[in-house]
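One structure is given here, and the rest of the page talks about it.
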Amino acid sequence: MSSIVFAVLTGAAIVNAASSLDARQSITALTTSQIDTFTPYTYYTSAGYCTNTQTLAWNCGTNCDANPKFKPVASGGNGDSVQYWFVGYDPNLHTVIVSHQGADASKILPIITDADFFLTGLDSTLFPGISSKIEVHNGFGGAQASTATNVLAAVKSTMSTYRTTSVTMVGHSLGAAISLLDSVYLPLWLPKGTTFRTIVYGLPRVGNQDFANYIDANAHLTHINNKEDMFPTLPGMFLDFVHPAGEVHIQDSGEWAACPGQDNPSTQCIVGDVPEFWDGNTRDHFGPYNGIELGCS
């Protein structure tokens with residue numbers, strides 16, 4: 001195993017006892033009603049695994065049936081070199097939905113831990129005016145770039161057709177990483193006054209400290225981690241990757257814990273619960289998230 005891959009798998013935060021205690025004291029449990037508000041977005045995330053043909057027709061089984069009034073506008077990707085994506089409007093939530101396909105566990109691990117990956121600045125053409133100090137995983141950046149302009153055009157069309165100024169981005173795993181980058185990209189190109197929300201699941205670390213700080217200052221992010229899912233602990237903090245704030249961690253008991261701060265070290269949060277990669281469980285990556293297993297069905 002190369003040294004960089006070993007670092008990815010073993011890199012973990014070293015925190016002192018006082019900061020850990022402070023983190024534990026500030027954690028709060030979500031109520032049942034708060035948890036249930038995520039359900040429509042979980043189904044939109046799950047639908048991201050369906051083909052572009054299925055989502056454009058909004059004929060994708062349980063995931064589509066769960067949000068029957070959704071109005072699809074555009075879809076794309078091939079499920080291989082380019083992740084599937086779809087854009088449309090939810091009249092109940094009064095928002096544009098942007099969803100990106102995730103990757104199965106056997107495919108995302110090589111993407112995250114490939115010894116060829118590196119932190120790189122954002123493309124100045126797609127991200128004009130963004131500081132060169134903000135760096136992201138080059139593989140995730142490339143995946144987002146492959147769909148960016150088509151997604152932007154679809155969002156603009158949806159906003160115009162349905163006269164909405166709200167955009168919500170969802171995704172799981174690799175799709176979560178793409179959606180997080182969309183949450184930086186789309187606000188640069190959409191009208192002032194547009195409101196944005198990002199709700200993602202099983203999010204790996206995407207960028208450096210400056211990236212995490214930018215997300216905290218400019219995005220409305222919730223990233224939900226399930227039990228001992230190891231993928232949100234990668235790439236390791238040893239390699240200068242940092243999670244933004246906004247974590248919600250589903251406990252083994254079923255309680256959803258809101259974990260404040262970046263990479264909260266409490267054992268009630270993913271960093272403390274899965275201190276080493278091999279402490280995790282790949283089965284937890286796909287759920288259940290409030291009873292929903294992710295995948296096209």
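Just remember, in the structure tokens the first chain shown is A, the second B, etc., residues are 1-based per chain, and ligands are 1-based in the order shown.
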
For region 187-194 of chain A: contacts at 7 Å, only C-alpha atoms, fewer than 2 positions along chain excluded, given as an MDAnalysis selection string: chainID A and resid 165:166 183:185 196

Excluding same-chain residues fewer than 2 positions from Pro72 (chain A), what lies within 10 Å of it counting only C-alpha atoms, as a PyMOL selection string? chain A and resi 55-58+69-70+74-75+86-90+96-97+154+158

Export of the given selection (N, CA and C atoms) as a PDB file, in the first residue's frame:
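Written file, result_30.pdb:
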```pdb
ATOM      1  N   THR A  55     -35.555   9.329 -14.910  1.00  0.00           N
ATOM      2  CA  THR A  55     -35.860  10.539 -14.142  1.00  0.00           C
ATOM      3  C   THR A  55     -36.500  11.618 -15.011  1.00  0.00           C
ATOM      4  N   LEU A  56     -36.143  11.675 -16.284  1.00  0.00           N
ATOM      5  CA  LEU A  56     -36.766  12.663 -17.153  1.00  0.00           C
ATOM      6  C   LEU A  56     -38.243  12.353 -17.356  1.00  0.00           C
ATOM      7  N   ALA A  57     -38.587  11.068 -17.379  1.00  0.00           N
ATOM      8  CA  ALA A  57     -39.995  10.658 -17.483  1.00  0.00           C
ATOM      9  C   ALA A  57     -40.660  10.602 -16.106  1.00  0.00           C
ATOM     10  N   TRP A  58     -39.887  10.775 -15.069  1.00  0.00           N
ATOM     11  CA  TRP A  58     -40.303  10.602 -13.668  1.00  0.00           C
ATOM     12  C   TRP A  58     -41.055   9.286 -13.507  1.00  0.00           C
ATOM     13  N   LYS A  69     -45.601  14.759  -7.456  1.00  0.00           N
ATOM     14  CA  LYS A  69     -45.899  16.016  -8.153  1.00  0.00           C
ATOM     15  C   LYS A  69     -44.668  16.673  -8.769  1.00  0.00           C
ATOM     16  N   PHE A  70     -43.526  16.042  -8.628  1.00  0.00           N
ATOM     17  CA  PHE A  70     -42.287  16.591  -9.168  1.00  0.00           C
ATOM     18  C   PHE A  70     -42.387  16.808 -10.677  1.00  0.00           C
ATOM     19  N   ALA A  74     -34.845  18.461 -16.937  1.00  0.00           N
ATOM     20  CA  ALA A  74     -33.692  18.000 -17.703  1.00  0.00           C
ATOM     21  C   ALA A  74     -32.975  16.909 -16.926  1.00  0.00           C
ATOM     22  N   SER A  75     -32.249  16.079 -17.661  1.00  0.00           N
ATOM     23  CA  SER A  75     -31.440  15.037 -17.039  1.00  0.00           C
ATOM     24  C   SER A  75     -30.246  14.762 -17.937  1.00  0.00           C
ATOM     25  N   PHE A  86     -30.289  14.944 -12.555  1.00  0.00           N
ATOM     26  CA  PHE A  86     -31.561  15.471 -13.043  1.00  0.00           C
ATOM     27  C   PHE A  86     -31.892  16.764 -12.313  1.00  0.00           C
ATOM     28  N   VAL A  87     -32.702  17.587 -12.977  1.00  0.00           N
ATOM     29  CA  VAL A  87     -33.143  18.875 -12.449  1.00  0.00           C
ATOM     30  C   VAL A  87     -34.633  19.013 -12.720  1.00  0.00           C
ATOM     31  N   GLY A  88     -35.353  19.543 -11.750  1.00  0.00           N
ATOM     32  CA  GLY A  88     -36.777  19.788 -11.931  1.00  0.00           C
ATOM     33  C   GLY A  88     -37.320  20.618 -10.784  1.00  0.00           C
ATOM     34  N   TYR A  89     -38.639  20.679 -10.692  1.00  0.00           N
ATOM     35  CA  TYR A  89     -39.291  21.550  -9.714  1.00  0.00           C
ATOM     36  C   TYR A  89     -40.239  20.757  -8.835  1.00  0.00           C
ATOM     37  N   ASP A  90     -40.149  21.000  -7.522  1.00  0.00           N
ATOM     38  CA  ASP A  90     -41.077  20.402  -6.561  1.00  0.00           C
ATOM     39  C   ASP A  90     -42.069  21.465  -6.112  1.00  0.00           C
ATOM     40  N   VAL A  96     -36.382  24.346  -6.847  1.00  0.00           N
ATOM     41  CA  VAL A  96     -35.712  23.546  -7.866  1.00  0.00           C
ATOM     42  C   VAL A  96     -34.922  22.454  -7.146  1.00  0.00           C
ATOM     43  N   ILE A  97     -34.974  21.250  -7.668  1.00  0.00           N
ATOM     44  CA  ILE A  97     -34.182  20.135  -7.142  1.00  0.00           C
ATOM     45  C   ILE A  97     -33.073  19.810  -8.134  1.00  0.00           C
ATOM     46  N   ALA A 154     -30.126  23.967 -16.995  1.00  0.00           N
ATOM     47  CA  ALA A 154     -31.384  23.353 -16.568  1.00  0.00           C
ATOM     48  C   ALA A 154     -31.980  24.080 -15.376  1.00  0.00           C
ATOM     49  N   THR A 158     -35.588  25.968 -15.266  1.00  0.00           N
ATOM     50  CA  THR A 158     -36.590  25.595 -14.265  1.00  0.00           C
ATOM     51  C   THR A 158     -37.033  26.803 -13.461  1.00  0.00           C
TER      52      THR A 158
END
```

I'd like the contact shell of Gly207 (chain A) - 7 Å cut-off, only C-alpha atoms, skipping same-chain residues fewer than 4 positions apart - returned as a PyMOL selection string. chain A and resi 135-137+211-212+241-242

Selected residues, C-alpha atoms, written as a tab-separated table (two decimals), in the first residue's frame, please.
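Okay, out_12.tsv is ready:
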```
chain	number	residue	atom	x	y	z
A	135	GLU	CA	-8.60	23.74	-3.08
A	136	VAL	CA	-10.61	20.57	-3.73
A	137	HIS	CA	-10.07	16.90	-4.54
A	211	PHE	CA	-12.92	25.37	1.14
A	212	ALA	CA	-14.66	24.26	4.35
A	241	PHE	CA	-8.95	17.69	3.90
A	242	VAL	CA	-11.61	19.23	6.15
```

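Take the candidates A:Gly129, A:Gly202, A:Gly287, A:Gly142 and check each one against Glu247 (chain A) using only C-alpha atoms; the shortest distance goes to A:Gly202.
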
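Taking CA of Ile134 (chain A) as the reference point, CA of His243 (chain A) is found at 13.2 Å.
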
At a cut-off of 12 Å, using only C-alpha atoms, what residues contact Tyr84 (chain A)? Leave out same-chain residues fewer than 5 positions from it and give the result as a VMD selection string. chain A and resid 45 to 56 74 to 79 98 to 103 143 to 144 146 to 147 150 to 151 171 to 172 174 to 175 178 296

Next, the residues of the selection above should be written as a JSON list (two decimals), in the first residue's frame with N, CA and C atoms.
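Printed below is out04.json as written:
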```
[["chain", "number", "residue", "atom", "x", "y", "z"],
["A", 45, "THR", "N", -32.56, 12.12, -3.56],
["A", 45, "THR", "CA", -31.19, 11.63, -3.58],
["A", 45, "THR", "C", -31.14, 10.21, -4.12],
["A", 46, "SER", "N", -32.04, 9.37, -3.65],
["A", 46, "SER", "CA", -32.08, 7.98, -4.08],
["A", 46, "SER", "C", -32.41, 7.87, -5.57],
["A", 47, "ALA", "N", -33.31, 8.74, -6.05],
["A", 47, "ALA", "CA", -33.66, 8.75, -7.46],
["A", 47, "ALA", "C", -32.47, 9.10, -8.35],
["A", 48, "GLY", "N", -31.47, 9.76, -7.77],
["A", 48, "GLY", "CA", -30.26, 10.07, -8.52],
["A", 48, "GLY", "C", -29.55, 8.85, -9.06],
["A", 49, "TYR", "N", -29.80, 7.70, -8.49],
["A", 49, "TYR", "CA", -29.19, 6.46, -8.97],
["A", 49, "TYR", "C", -29.91, 5.89, -10.20],
["A", 50, "CYS", "N", -31.05, 6.43, -10.54],
["A", 50, "CYS", "CA", -31.81, 5.93, -11.69],
["A", 50, "CYS", "C", -31.28, 6.57, -12.98],
["A", 51, "THR", "N", -31.59, 5.97, -14.10],
["A", 51, "THR", "CA", -31.06, 6.46, -15.37],
["A", 51, "THR", "C", -31.65, 7.82, -15.72],
["A", 52, "ASN", "N", -30.97, 8.53, -16.58],
["A", 52, "ASN", "CA", -31.46, 9.83, -17.01],
["A", 52, "ASN", "C", -32.80, 9.72, -17.73],
["A", 53, "THR", "N", -33.03, 8.61, -18.42],
["A", 53, "THR", "CA", -34.31, 8.39, -19.10],
["A", 53, "THR", "C", -35.44, 8.22, -18.08],
["A", 54, "GLN", "N", -35.18, 7.47, -17.03],
["A", 54, "GLN", "CA", -36.20, 7.24, -16.00],
["A", 54, "GLN", "C", -36.57, 8.53, -15.29],
["A", 55, "THR", "N", -35.55, 9.33, -14.91],
["A", 55, "THR", "CA", -35.86, 10.54, -14.14],
["A", 55, "THR", "C", -36.50, 11.62, -15.01],
["A", 56, "LEU", "N", -36.14, 11.68, -16.28],
["A", 56, "LEU", "CA", -36.77, 12.66, -17.15],
["A", 56, "LEU", "C", -38.24, 12.35, -17.36],
["A", 74, "ALA", "N", -34.84, 18.46, -16.94],
["A", 74, "ALA", "CA", -33.69, 18.00, -17.70],
["A", 74, "ALA", "C", -32.97, 16.91, -16.93],
["A", 75, "SER", "N", -32.25, 16.08, -17.66],
["A", 75, "SER", "CA", -31.44, 15.04, -17.04],
["A", 75, "SER", "C", -30.25, 14.76, -17.94],
["A", 76, "GLY", "N", -29.27, 14.05, -17.41],
["A", 76, "GLY", "CA", -28.09, 13.77, -18.21],
["A", 76, "GLY", "C", -27.19, 12.75, -17.54],
["A", 77, "GLY", "N", -26.00, 12.61, -18.10],
["A", 77, "GLY", "CA", -25.04, 11.63, -17.61],
["A", 77, "GLY", "C", -25.24, 10.29, -18.26],
["A", 78, "ASN", "N", -24.28, 9.41, -18.06],
["A", 78, "ASN", "CA", -24.37, 8.06, -18.61],
["A", 78, "ASN", "C", -24.19, 6.98, -17.57],
["A", 79, "GLY", "N", -24.06, 7.37, -16.30],
["A", 79, "GLY", "CA", -23.93, 6.40, -15.23],
["A", 79, "GLY", "C", -22.58, 5.73, -15.17],
["A", 98, "VAL", "N", -31.84, 19.72, -7.64],
["A", 98, "VAL", "CA", -30.70, 19.27, -8.43],
["A", 98, "VAL", "C", -30.16, 18.03, -7.75],
["A", 99, "SER", "N", -30.17, 16.90, -8.45],
["A", 99, "SER", "CA", -29.73, 15.64, -7.85],
["A", 99, "SER", "C", -28.63, 15.01, -8.69],
["A", 100, "HIS", "N", -27.60, 14.50, -8.01],
["A", 100, "HIS", "CA", -26.49, 13.83, -8.69],
["A", 100, "HIS", "C", -26.36, 12.39, -8.19],
["A", 101, "GLN", "N", -26.10, 11.49, -9.10],
["A", 101, "GLN", "CA", -25.90, 10.07, -8.78],
["A", 101, "GLN", "C", -24.66, 9.87, -7.92],
["A", 102, "GLY", "N", -24.78, 8.97, -6.98],
["A", 102, "GLY", "CA", -23.62, 8.55, -6.21],
["A", 102, "GLY", "C", -22.89, 7.43, -6.91],
["A", 103, "ALA", "N", -21.99, 6.80, -6.20],
["A", 103, "ALA", "CA", -21.25, 5.66, -6.75],
["A", 103, "ALA", "C", -21.36, 4.51, -5.77],
["A", 143, "ALA", "N", -15.42, 15.59, -11.77],
["A", 143, "ALA", "CA", -16.77, 15.05, -11.89],
["A", 143, "ALA", "C", -17.81, 16.16, -11.94],
["A", 144, "GLN", "N", -17.62, 17.19, -11.10],
["A", 144, "GLN", "CA", -18.55, 18.31, -11.12],
["A", 144, "GLN", "C", -18.46, 19.10, -12.41],
["A", 146, "SER", "N", -17.81, 18.09, -15.33],
["A", 146, "SER", "CA", -18.37, 17.37, -16.48],
["A", 146, "SER", "C", -19.86, 17.60, -16.66],
["A", 147, "THR", "N", -20.53, 18.08, -15.62],
["A", 147, "THR", "CA", -21.98, 18.32, -15.72],
["A", 147, "THR", "C", -22.35, 19.78, -15.47],
["A", 150, "ASN", "N", -24.37, 22.13, -18.13],
["A", 150, "ASN", "CA", -25.69, 21.59, -18.43],
["A", 150, "ASN", "C", -26.63, 21.72, -17.25],
["A", 151, "VAL", "N", -26.12, 21.47, -16.05],
["A", 151, "VAL", "CA", -26.93, 21.62, -14.85],
["A", 151, "VAL", "C", -27.34, 23.08, -14.67],
["A", 171, "GLY", "N", -27.58, 14.80, -2.98],
["A", 171, "GLY", "CA", -26.74, 13.75, -3.54],
["A", 171, "GLY", "C", -26.19, 12.86, -2.45],
["A", 172, "HIS", "N", -25.67, 11.73, -2.85],
["A", 172, "HIS", "CA", -25.11, 10.75, -1.93],
["A", 172, "HIS", "C", -23.72, 10.36, -2.41],
["A", 174, "LEU", "N", -20.34, 10.07, -3.94],
["A", 174, "LEU", "CA", -19.75, 10.91, -4.99],
["A", 174, "LEU", "C", -20.74, 11.98, -5.43],
["A", 175, "GLY", "N", -22.02, 11.65, -5.50],
["A", 175, "GLY", "CA", -23.03, 12.64, -5.84],
["A", 175, "GLY", "C", -23.12, 13.75, -4.81],
["A", 178, "ILE", "N", -20.25, 16.13, -5.60],
["A", 178, "ILE", "CA", -20.57, 16.97, -6.75],
["A", 178, "ILE", "C", -21.56, 18.06, -6.34],
["A", 296, "CYS", "N", -31.67, 2.97, -6.92],
["A", 296, "CYS", "CA", -32.84, 3.04, -7.80],
["A", 296, "CYS", "C", -33.72, 1.82, -7.60]]
```

Measuring atom to atom with only C-alpha atoms, identify which of A:Arg205, A:Arg197, A:His285, A:His220 is nearest to Met169 (chain A). A:Arg197

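You will find CA of Gly139 (chain A) at 8.1 Å from CA of Phe118 (chain A).
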
Apply DSSP to the backbone of this structure and, from region 21-194 of chain A, keep only the residues in strand (DSSP E); write these as a PyMOL selection string. chain A and resi 28-29+71-76+85-90+95-100+119-121+135-137+166-172

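Distances to Gly246 (chain A) were evaluated for A:Thr198, A:Gln209, A:Gln34, A:Thr267 using only C-alpha atoms, and the minimum falls at A:Thr198.
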
Pairwise distance, CA of Gly121 (chain A) with CA of Asp240 (chain A), equals 13.8 Å

Excluding Arg283 (chain A) and any residue of its chain fewer than 6 positions from it, enumerate the residues within 10 Å of it, using only C-alpha atoms, and give them as a count of residues only. 6

For the helix (DSSP H, G or I) assignment from backbone DSSP, which residues of region 193-260 of chain A qualify? Please present them as a PyMOL selection string. chain A and resi 209-218+231-233+237-239
